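What follows is a set of notes on a single structure, which appears directly below.
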Amino acid sequence: MTDILDIRQLSILHAGPQGQRTLLSDVELTVGEAETVGIVGESGSGKSLTAKAVMQLLPQQFSVRGEIRYRGENFVAAGERRMTALRGSEISLLMQDPFTMLDPLLSCGAQVAEGLKLGMPGATRREVQDGTLRRLAEVGIRDPDVALRYPFQMSGGMRQRAAMAAALARNPQLLIADEPSTALDVTTQAEILALLKSLQEARGMALLLITHDLRVAFSVCARVNVFYAGRVLESAPAAALRSRPLHPYALGLLMSEPAIDRRAALLAAIPGTVPTPDAVAESCAFAPRCHWCQAACTSARPPLAGVGARRQTACLRIADIADDMATHRTLVDQAEEIATCSSPTTLPWCDRWSNVSTSCTAPKS
Amino acid sequence: MSAAPSTSPDPAQRFGSRLPVLVWLAFGFVGGILVLAMIGPVFAQSPTDQDLFSIAVPPSGGHWLGTDELGRDVLARLVTGARTAVMGPVIVAAFGLVVSAGVGIFSGYSGGLADGIIMRIVDFVVALPGLLLAIVLVSVLGSGYWLAIAVLSFLNVQGDIRIVRGAALKERRLTYVEAARAVGVPPARIMFRHILPNLLALLAATFAVDFGGALVALAGLAFLGLGAEIGSPEWGSMLSEGQALLLGNPAAALAPALAIILLAISVNLIGDWVYDRYTGR
């Protein structure tokens, strides 16, 4: 598979009143042709920044280092004029908040038509109108009257659909969707994600989906990148990541989402808080919170190393701790199963797990 | 979040059945002045006919607002003066509107070097003492209504550019602008198809403030004998000529004074109301 997007050693620095802060450091990420790739991570892990950096939409106070190659062309070196030409036609960005991303004073049809017209110079009004209605129908808005509505007359789901039609108006080869379902209610979320997935398949378009929700990433993406404190800790096929995470942080993320089909006896949580990228610059980013952390983890920064086909992890100790991590997971899973037939407070696992999860002490930094 | 889409907003609600009384009065007053400015001279007496046998007489059936020091009918002069009184400030405010919409939005949206240069020029103009400079320029270059308007337009526009630039800076950070950029909408189109319409309420309010300011400033220049031609029916000069007649015919001074004050207040009230109405306050 050839890569449509290839991000290498992408770092983003922010020059603020407190001096320069690192927000993203040495991120590596690829998206193949017609591939769906997910970025998951907590708030502040640099997911949206990566999206904006790819689109070159970051404000001036952010400086971007590294390479963002789209079909070989480096966006970091491309000028604003070139980017304006590429945005919408080659790569497009769908934003998170459907309540603010449409111009309040333009009807939804006009917003779709705006992008469309850029791609068809010399088109008649009629052609643009037909194209707009077709785009809207594609995202499930089949009533032509809706094209005349203004954002304030539409629901969140409808606005998100309209925004999707606008983002896809010129048939981009790569769509970056930045938390496209987060601001919507759950049923609408599922509709929007299903729509996104079906459009991606029908068009053979590459999709980079940014989300904080692992379930969303697993349901839509073929490959998932786990972001933490401004860097990638693990990159793996979705199924492999779900069944056997290699990085302790990925395991923690997976376990902190309890199953919804049975009663959970324990809610696993990762102790501590997310460090700033600068605080963990020369060690593993997850080391202060990691149960398996050793001296080697904090003495230098573990690289994102390949493990098998299209799978990478930034954990140094995968060989040593794989079994231990699997046991951990089983403990929680068993606890969940047992809980369905007995009172959760009597479980011996409770003590054991809470001991395990809090016994890791943060190394002095 | 999933509010039912309402297709037809209630028109009564949309256009405000509860228009405040003051705003009603302001609309009425401005409307009346505009009508006078357009068709007033047709049915008023001649503003320049002198009746030297009835100088400075108080209001009567023949002269509703009395006469001035040369026996000219005050009402006729007031009505005829409405046209110049309205036209000057409209030109000053319209110039401010067009230039600030263009330069202000460009400066605020583009940022960087262009913004820096434009704002330093604006700072320079701000540093000039406005009305004083107008007085000096008009008296040195020879008085004239159009010269006064030109000078005021130049001095007035800097404030507008600042206001619009600030608003454009704020608008630029909103998600819809970023979303438009993300689908490849070129900068010029974002500035004038997206940002400009979203600033219309602000521009309307700015227009009103400019109008009021220019009205008072032009009347002030005329009061000092600058701007309007001697003898022409102009509210500022009427006030200046009428102040000596306060004991004979107080209406000669009070009528133009009230006209200036009420028009300025009314336009400002309307501007505020429009701004509040269309920014959802």
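Letters A, B, ... mark the chains of the structure tokens in the order given; residue numbers begin at 1 per chain; ligand numbers begin at 1, in order shown.
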
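All chain A residues having an atom within 7 Å of chain B, based on only C-alpha atoms, amount to Met55, Thr84, Ala85, Leu86, Arg87, Gly88, Ser92, Leu93, Met95, Thr100, Met101, Leu102, Asp103, Leu105, Gly115, Gln153, Met154, Ser155, Gly156 and Ala167 of chain A.
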
Would you write out those residues with C-alpha atoms, as a CSV table (one decimal), in the first residue's frame?
chain,number,residue,atom,x,y,z
A,55,MET,CA,-4.1,21.5,7.0
A,84,THR,CA,-5.5,27.3,-0.3
A,85,ALA,CA,-5.5,25.5,-3.6
A,86,LEU,CA,-5.0,22.1,-2.0
A,87,ARG,CA,-7.5,22.5,0.8
A,88,GLY,CA,-10.9,21.2,-0.1
A,92,SER,CA,-10.3,18.5,3.6
A,93,LEU,CA,-11.1,19.0,7.3
A,95,MET,CA,-14.5,20.0,12.4
A,100,THR,CA,-20.1,27.0,15.3
A,101,MET,CA,-18.6,25.7,12.1
A,102,LEU,CA,-21.2,26.9,9.7
A,103,ASP,CA,-21.5,30.6,8.9
A,105,LEU,CA,-25.6,34.1,7.9
A,115,GLY,CA,-16.7,25.0,-2.0
A,153,GLN,CA,-32.9,26.4,11.8
A,154,MET,CA,-31.2,23.0,11.8
A,155,SER,CA,-30.4,20.4,14.4
A,156,GLY,CA,-26.8,19.5,15.4
A,167,ALA,CA,-16.0,19.3,3.2

Point to revise | Non-local contacts of Met158 in chain A (12 Å; only C-alpha atoms; under 2 positions in same chain excluded) as a count of residues only | key: 38

Exercise for review: With a distance cut-off of 9 Å and only C-alpha atoms, select the neighbouring residues of range 128-133 of chain B, excluding the residue or stretch itself and same-chain residues fewer than 6 positions from it, and output the selection as a ChimeraX atom specification.
Suggested key: /B:151-152,155-156,217,221

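Shortest atom-to-atom contact with Thr279 in chain B among B:Ala205, B:Pro47, B:Phe106, B:Leu258: B:Ala205, counting only C-alpha atoms.
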
Contacts of range 50-63 of chain B at 12 Å or less, counting only C-alpha atoms, minus same-chain residues fewer than 2 places along, as a CSV table (one decimal) with N, CA and C atoms, in the first residue's frame?
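Result file around_31.csv:
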chain,number,residue,atom,x,y,z
B,44,ALA,N,-42.0,75.1,2.0
B,44,ALA,CA,-41.6,76.2,2.9
B,44,ALA,C,-41.5,77.5,2.2
B,45,GLN,N,-41.5,78.6,3.0
B,45,GLN,CA,-41.3,79.9,2.5
B,45,GLN,C,-39.8,80.0,2.1
B,46,SER,N,-39.5,81.0,1.3
B,46,SER,CA,-38.1,81.2,0.9
B,46,SER,C,-37.2,81.4,2.1
B,47,PRO,N,-36.1,80.7,2.3
B,47,PRO,CA,-35.3,80.9,3.4
B,47,PRO,C,-34.4,82.1,3.4
B,48,THR,N,-34.4,82.8,2.2
B,48,THR,CA,-33.5,83.9,2.1
B,48,THR,C,-34.2,85.3,2.0
B,65,LEU,N,-42.0,80.0,13.6
B,65,LEU,CA,-40.9,80.1,14.6
B,65,LEU,C,-40.3,81.5,14.6
B,66,GLY,N,-41.0,82.5,14.2
B,66,GLY,CA,-40.6,83.8,14.2
B,66,GLY,C,-39.5,84.1,13.1
B,67,THR,N,-38.8,85.2,13.3
B,67,THR,CA,-37.8,85.6,12.2
B,67,THR,C,-36.5,85.9,12.9
B,68,ASP,N,-35.5,85.9,12.1
B,68,ASP,CA,-34.1,86.2,12.6
B,68,ASP,C,-33.8,87.7,12.4
B,69,GLU,N,-32.5,88.0,12.6
B,69,GLU,CA,-32.1,89.4,12.6
B,69,GLU,C,-32.3,90.1,11.3
B,70,LEU,N,-32.4,89.4,10.2
B,70,LEU,CA,-32.7,90.0,8.9
B,70,LEU,C,-34.1,89.8,8.5
B,71,GLY,N,-34.9,89.4,9.4
B,71,GLY,CA,-36.4,89.2,9.1
B,71,GLY,C,-36.6,88.0,8.2
B,72,ARG,N,-35.7,87.0,8.2
B,72,ARG,CA,-35.9,85.8,7.4
B,72,ARG,C,-36.7,84.8,8.3
B,73,ASP,N,-37.5,84.0,7.7
B,73,ASP,CA,-38.4,83.1,8.4
B,73,ASP,C,-37.5,81.9,9.0
B,74,VAL,N,-37.6,81.7,10.3
B,74,VAL,CA,-36.7,80.7,10.9
B,74,VAL,C,-37.1,79.3,10.5
B,75,LEU,N,-38.4,79.1,10.4
B,75,LEU,CA,-38.9,77.7,10.1
B,75,LEU,C,-38.4,77.4,8.7
B,76,ALA,N,-38.5,78.3,7.7
B,76,ALA,CA,-38.1,78.1,6.4
B,76,ALA,C,-36.6,77.7,6.3
B,77,ARG,N,-35.9,78.5,7.1
B,77,ARG,CA,-34.4,78.2,7.1
B,77,ARG,C,-34.1,76.8,7.7
B,231,GLY,N,-24.7,83.2,5.3
B,231,GLY,CA,-26.0,83.5,4.8
B,231,GLY,C,-26.8,82.3,4.3
B,241,GLU,N,-26.0,82.8,14.7
B,241,GLU,CA,-26.6,84.1,14.4
B,241,GLU,C,-27.7,84.4,15.4
B,242,GLY,N,-28.4,83.3,15.8
B,242,GLY,CA,-29.6,83.4,16.6
B,242,GLY,C,-29.3,83.7,18.1
B,243,GLN,N,-28.1,83.4,18.5
B,243,GLN,CA,-27.8,83.5,20.0
B,243,GLN,C,-27.9,84.9,20.4
B,244,ALA,N,-27.7,85.9,19.5
B,244,ALA,CA,-27.8,87.3,19.9
B,244,ALA,C,-29.3,87.7,20.1
B,245,LEU,N,-30.2,86.9,19.5
B,245,LEU,CA,-31.6,87.3,19.6
B,245,LEU,C,-32.4,86.6,20.6
B,246,LEU,N,-31.7,86.0,21.6
B,246,LEU,CA,-32.4,85.2,22.6
B,246,LEU,C,-33.5,85.9,23.3
B,247,LEU,N,-33.4,87.3,23.5
B,247,LEU,CA,-34.5,88.0,24.1
B,247,LEU,C,-35.6,88.4,23.2
B,248,GLY,N,-35.2,88.7,21.9
B,248,GLY,CA,-36.2,89.0,20.9
B,248,GLY,C,-37.0,87.8,20.4
B,249,ASN,N,-36.3,86.9,19.8
B,249,ASN,CA,-36.9,85.6,19.3
B,249,ASN,C,-36.1,84.4,19.7
B,250,PRO,N,-36.3,83.9,20.9
B,250,PRO,CA,-35.5,82.7,21.4
B,250,PRO,C,-35.6,81.6,20.4
B,251,ALA,N,-36.6,81.4,19.7
B,251,ALA,CA,-36.8,80.3,18.8
B,251,ALA,C,-35.7,80.3,17.7
B,252,ALA,N,-35.2,81.4,17.4
B,252,ALA,CA,-34.2,81.5,16.3
B,252,ALA,C,-32.9,80.8,16.7
B,253,ALA,N,-32.6,80.7,18.0
B,253,ALA,CA,-31.4,79.9,18.4
B,253,ALA,C,-31.8,78.6,18.9
B,254,LEU,N,-33.0,78.5,19.6
B,254,LEU,CA,-33.3,77.2,20.2
B,254,LEU,C,-33.7,76.2,19.2
B,255,ALA,N,-34.4,76.6,18.1
B,255,ALA,CA,-34.9,75.6,17.1
B,255,ALA,C,-33.8,74.9,16.4

**Study point:** All alpha helix (DSSP H) positions in range 37-175 of chain A, as a VMD selection string
**Key:** chain A and resid 47 to 55 80 to 86 108 to 119 125 to 138 156 to 167

Expected file contents, prior selection, N, CA and C atoms, as a short mmCIF file (atom, residue, chain, number, x, y, z; two decimals), in the first residue's frame:
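In the end it all went to result13.cif:
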data_model
loop_
_atom_site.label_atom_id
_atom_site.label_comp_id
_atom_site.auth_asym_id
_atom_site.auth_seq_id
_atom_site.Cartn_x
_atom_site.Cartn_y
_atom_site.Cartn_z
N LYS A 47 -3.91 15.72 19.32
CA LYS A 47 -4.66 15.17 18.18
C LYS A 47 -5.10 16.27 17.20
N SER A 48 -5.80 17.27 17.75
CA SER A 48 -6.31 18.32 16.88
C SER A 48 -5.19 19.15 16.28
N LEU A 49 -4.13 19.34 17.08
CA LEU A 49 -2.99 20.09 16.58
C LEU A 49 -2.41 19.41 15.34
N THR A 50 -2.33 18.08 15.39
CA THR A 50 -1.82 17.35 14.25
C THR A 50 -2.70 17.60 13.03
N ALA A 51 -4.03 17.57 13.24
CA ALA A 51 -4.95 17.80 12.13
C ALA A 51 -4.74 19.19 11.55
N LYS A 52 -4.63 20.19 12.44
CA LYS A 52 -4.48 21.55 11.95
C LYS A 52 -3.13 21.75 11.29
N ALA A 53 -2.12 21.05 11.79
CA ALA A 53 -0.81 21.15 11.17
C ALA A 53 -0.85 20.58 9.75
N VAL A 54 -1.53 19.47 9.57
CA VAL A 54 -1.63 18.89 8.24
C VAL A 54 -2.33 19.87 7.30
N MET A 55 -3.39 20.52 7.80
CA MET A 55 -4.11 21.48 6.97
C MET A 55 -3.36 22.80 6.86
N GLU A 80 1.06 29.54 1.69
CA GLU A 80 -0.37 29.65 1.96
C GLU A 80 -1.20 29.56 0.68
N ARG A 81 -0.67 30.14 -0.42
CA ARG A 81 -1.41 30.13 -1.67
C ARG A 81 -1.60 28.69 -2.19
N ARG A 82 -0.51 27.93 -2.10
CA ARG A 82 -0.56 26.54 -2.54
C ARG A 82 -1.53 25.75 -1.66
N MET A 83 -1.49 26.01 -0.34
CA MET A 83 -2.36 25.30 0.58
C MET A 83 -3.82 25.62 0.31
N THR A 84 -4.11 26.89 0.01
CA THR A 84 -5.50 27.26 -0.31
C THR A 84 -6.00 26.45 -1.50
N ALA A 85 -5.11 26.24 -2.46
CA ALA A 85 -5.51 25.46 -3.63
C ALA A 85 -5.73 23.99 -3.29
N LEU A 86 -4.93 23.48 -2.34
CA LEU A 86 -5.05 22.06 -1.99
C LEU A 86 -6.20 21.77 -1.05
N CYS A 108 -27.49 26.61 4.33
CA CYS A 108 -26.58 25.46 4.27
C CYS A 108 -26.26 25.11 2.82
N GLY A 109 -27.21 25.32 1.92
CA GLY A 109 -26.93 25.09 0.50
C GLY A 109 -25.82 26.00 -0.01
N ALA A 110 -25.85 27.26 0.44
CA ALA A 110 -24.84 28.23 -0.02
C ALA A 110 -23.45 27.82 0.46
N GLN A 111 -23.38 27.23 1.66
CA GLN A 111 -22.07 26.84 2.18
C GLN A 111 -21.49 25.66 1.41
N VAL A 112 -22.37 24.75 0.99
CA VAL A 112 -21.89 23.63 0.19
C VAL A 112 -21.50 24.14 -1.20
N ALA A 113 -22.35 25.01 -1.75
CA ALA A 113 -22.11 25.54 -3.10
C ALA A 113 -20.80 26.32 -3.15
N GLU A 114 -20.46 26.98 -2.05
CA GLU A 114 -19.24 27.80 -2.04
C GLU A 114 -18.00 26.99 -2.38
N GLY A 115 -17.87 25.83 -1.71
CA GLY A 115 -16.72 24.98 -2.00
C GLY A 115 -16.82 24.40 -3.40
N LEU A 116 -18.03 23.99 -3.73
CA LEU A 116 -18.26 23.35 -5.02
C LEU A 116 -17.86 24.26 -6.19
N LYS A 117 -18.25 25.53 -6.07
CA LYS A 117 -17.99 26.48 -7.16
C LYS A 117 -16.50 26.66 -7.41
N LEU A 118 -15.71 26.57 -6.32
CA LEU A 118 -14.26 26.72 -6.48
C LEU A 118 -13.71 25.64 -7.38
N GLY A 119 -14.37 24.46 -7.34
CA GLY A 119 -13.87 23.35 -8.13
C GLY A 119 -14.43 23.30 -9.54
N ARG A 125 -25.26 28.64 -12.79
CA ARG A 125 -25.96 28.61 -11.52
C ARG A 125 -26.70 27.28 -11.34
N ARG A 126 -27.29 26.84 -12.44
CA ARG A 126 -28.07 25.61 -12.42
C ARG A 126 -27.19 24.39 -12.08
N GLU A 127 -26.01 24.35 -12.72
CA GLU A 127 -25.10 23.22 -12.48
C GLU A 127 -24.64 23.19 -11.02
N VAL A 128 -24.33 24.39 -10.51
CA VAL A 128 -23.90 24.46 -9.12
C VAL A 128 -25.02 24.00 -8.20
N GLN A 129 -26.23 24.45 -8.52
CA GLN A 129 -27.39 24.09 -7.70
C GLN A 129 -27.61 22.57 -7.70
N ASP A 130 -27.55 21.98 -8.90
CA ASP A 130 -27.73 20.53 -8.99
C ASP A 130 -26.66 19.80 -8.20
N GLY A 131 -25.41 20.26 -8.37
CA GLY A 131 -24.30 19.64 -7.65
C GLY A 131 -24.50 19.73 -6.15
N THR A 132 -24.96 20.90 -5.69
CA THR A 132 -25.18 21.10 -4.26
C THR A 132 -26.22 20.12 -3.74
N LEU A 133 -27.33 20.00 -4.46
CA LEU A 133 -28.40 19.10 -4.01
C LEU A 133 -27.91 17.65 -4.00
N ARG A 134 -27.06 17.32 -5.00
CA ARG A 134 -26.53 15.96 -5.04
C ARG A 134 -25.65 15.69 -3.82
N ARG A 135 -24.79 16.68 -3.50
CA ARG A 135 -23.91 16.53 -2.35
C ARG A 135 -24.73 16.39 -1.07
N LEU A 136 -25.77 17.18 -0.96
CA LEU A 136 -26.59 17.11 0.25
C LEU A 136 -27.32 15.77 0.33
N ALA A 137 -27.78 15.27 -0.82
CA ALA A 137 -28.46 13.97 -0.82
C ALA A 137 -27.49 12.88 -0.39
N GLU A 138 -26.24 13.04 -0.80
CA GLU A 138 -25.22 12.06 -0.47
C GLU A 138 -25.04 11.92 1.05
N GLY A 156 -28.23 19.75 15.41
CA GLY A 156 -26.79 19.49 15.39
C GLY A 156 -26.40 18.44 14.35
N GLY A 157 -27.17 17.37 14.28
CA GLY A 157 -26.86 16.30 13.33
C GLY A 157 -26.96 16.77 11.90
N MET A 158 -27.99 17.58 11.64
CA MET A 158 -28.17 18.12 10.28
C MET A 158 -27.02 19.05 9.91
N ARG A 159 -26.61 19.86 10.87
CA ARG A 159 -25.49 20.78 10.59
C ARG A 159 -24.22 19.98 10.31
N GLN A 160 -24.03 18.90 11.08
CA GLN A 160 -22.83 18.11 10.87
C GLN A 160 -22.86 17.48 9.47
N ARG A 161 -24.06 17.06 9.05
CA ARG A 161 -24.18 16.50 7.71
C ARG A 161 -23.89 17.56 6.65
N ALA A 162 -24.44 18.75 6.86
CA ALA A 162 -24.21 19.83 5.89
C ALA A 162 -22.72 20.16 5.82
N ALA A 163 -22.08 20.20 6.99
CA ALA A 163 -20.65 20.50 7.01
C ALA A 163 -19.86 19.41 6.29
N MET A 164 -20.34 18.18 6.44
CA MET A 164 -19.67 17.07 5.76
C MET A 164 -19.82 17.22 4.24
N ALA A 165 -21.01 17.60 3.82
CA ALA A 165 -21.23 17.82 2.39
C ALA A 165 -20.31 18.92 1.87
N ALA A 166 -20.13 19.98 2.69
CA ALA A 166 -19.26 21.08 2.26
C ALA A 166 -17.81 20.61 2.20
N ALA A 167 -17.40 19.80 3.19
CA ALA A 167 -16.01 19.34 3.23
C ALA A 167 -15.71 18.40 2.07
#

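Between CA of Ala82 in chain B and CA of Met238 in chain B there is a distance of 11.9 Å.
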
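Each of B:Ala208, B:Val90, B:Leu215, B:Val23 was checked against Gly236 in chain B using only C-alpha atoms; the smallest atom-to-atom distance is that of B:Leu215.
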
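Per DSSP on the backbone, strand (DSSP E or B) in range 112-232 of chain A comprises Leu174, Leu175, Ile176, Ala177, Asp178, Ala206, Leu207, Leu208, Leu209, Ile210, Thr211, Arg223, Val224, Asn225, Val226, Phe227, Tyr228, Arg231 and Val232 of chain A.
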
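When CA of Val126 in chain B is paired with CA of Ala94 in chain B, their separation reads 19.3 Å.
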
Study note, to complete from the structure: Using only C-alpha atoms, the best pick from A:Leu58, A:Cys284, A:Ala222, A:Ala202 as closest to Tyr249 in chain A would be A:Cys284

Contact residues around Trp235 in chain B with only C-alpha atoms at 7 Å, ignoring same-chain residues under 3 positions, as a PDB file with N, CA and C atoms, in the first residue's frame:
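selection.pdb, freshly written:
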ATOM      1  N   LEU B  78     -34.866  76.523   8.789  1.00  0.00           N
ATOM      2  CA  LEU B  78     -34.654  75.237   9.447  1.00  0.00           C
ATOM      3  C   LEU B  78     -34.949  74.087   8.485  1.00  0.00           C
ATOM      4  N   GLY B  81     -32.435  73.951   5.724  1.00  0.00           N
ATOM      5  CA  GLY B  81     -31.135  73.517   6.245  1.00  0.00           C
ATOM      6  C   GLY B  81     -31.068  72.030   6.521  1.00  0.00           C
ATOM      7  N   ALA B  85     -27.806  69.589   6.538  1.00  0.00           N
ATOM      8  CA  ALA B  85     -27.529  69.006   7.858  1.00  0.00           C
ATOM      9  C   ALA B  85     -27.424  67.494   7.765  1.00  0.00           C
ATOM     10  N   ALA B 219     -21.804  71.205  12.445  1.00  0.00           N
ATOM     11  CA  ALA B 219     -22.543  72.334  13.017  1.00  0.00           C
ATOM     12  C   ALA B 219     -21.591  73.226  13.801  1.00  0.00           C
ATOM     13  N   MET B 238     -27.154  79.174  11.890  1.00  0.00           N
ATOM     14  CA  MET B 238     -28.375  79.743  12.442  1.00  0.00           C
ATOM     15  C   MET B 238     -28.270  79.884  13.952  1.00  0.00           C
ATOM     16  N   LEU B 239     -27.670  78.874  14.563  1.00  0.00           N
ATOM     17  CA  LEU B 239     -27.496  78.897  16.015  1.00  0.00           C
ATOM     18  C   LEU B 239     -26.591  80.055  16.403  1.00  0.00           C
ATOM     19  N   PRO B 256     -32.755  75.572  15.887  1.00  0.00           N
ATOM     20  CA  PRO B 256     -31.657  74.808  15.289  1.00  0.00           C
ATOM     21  C   PRO B 256     -30.880  73.995  16.321  1.00  0.00           C
TER      22      PRO B 256
END
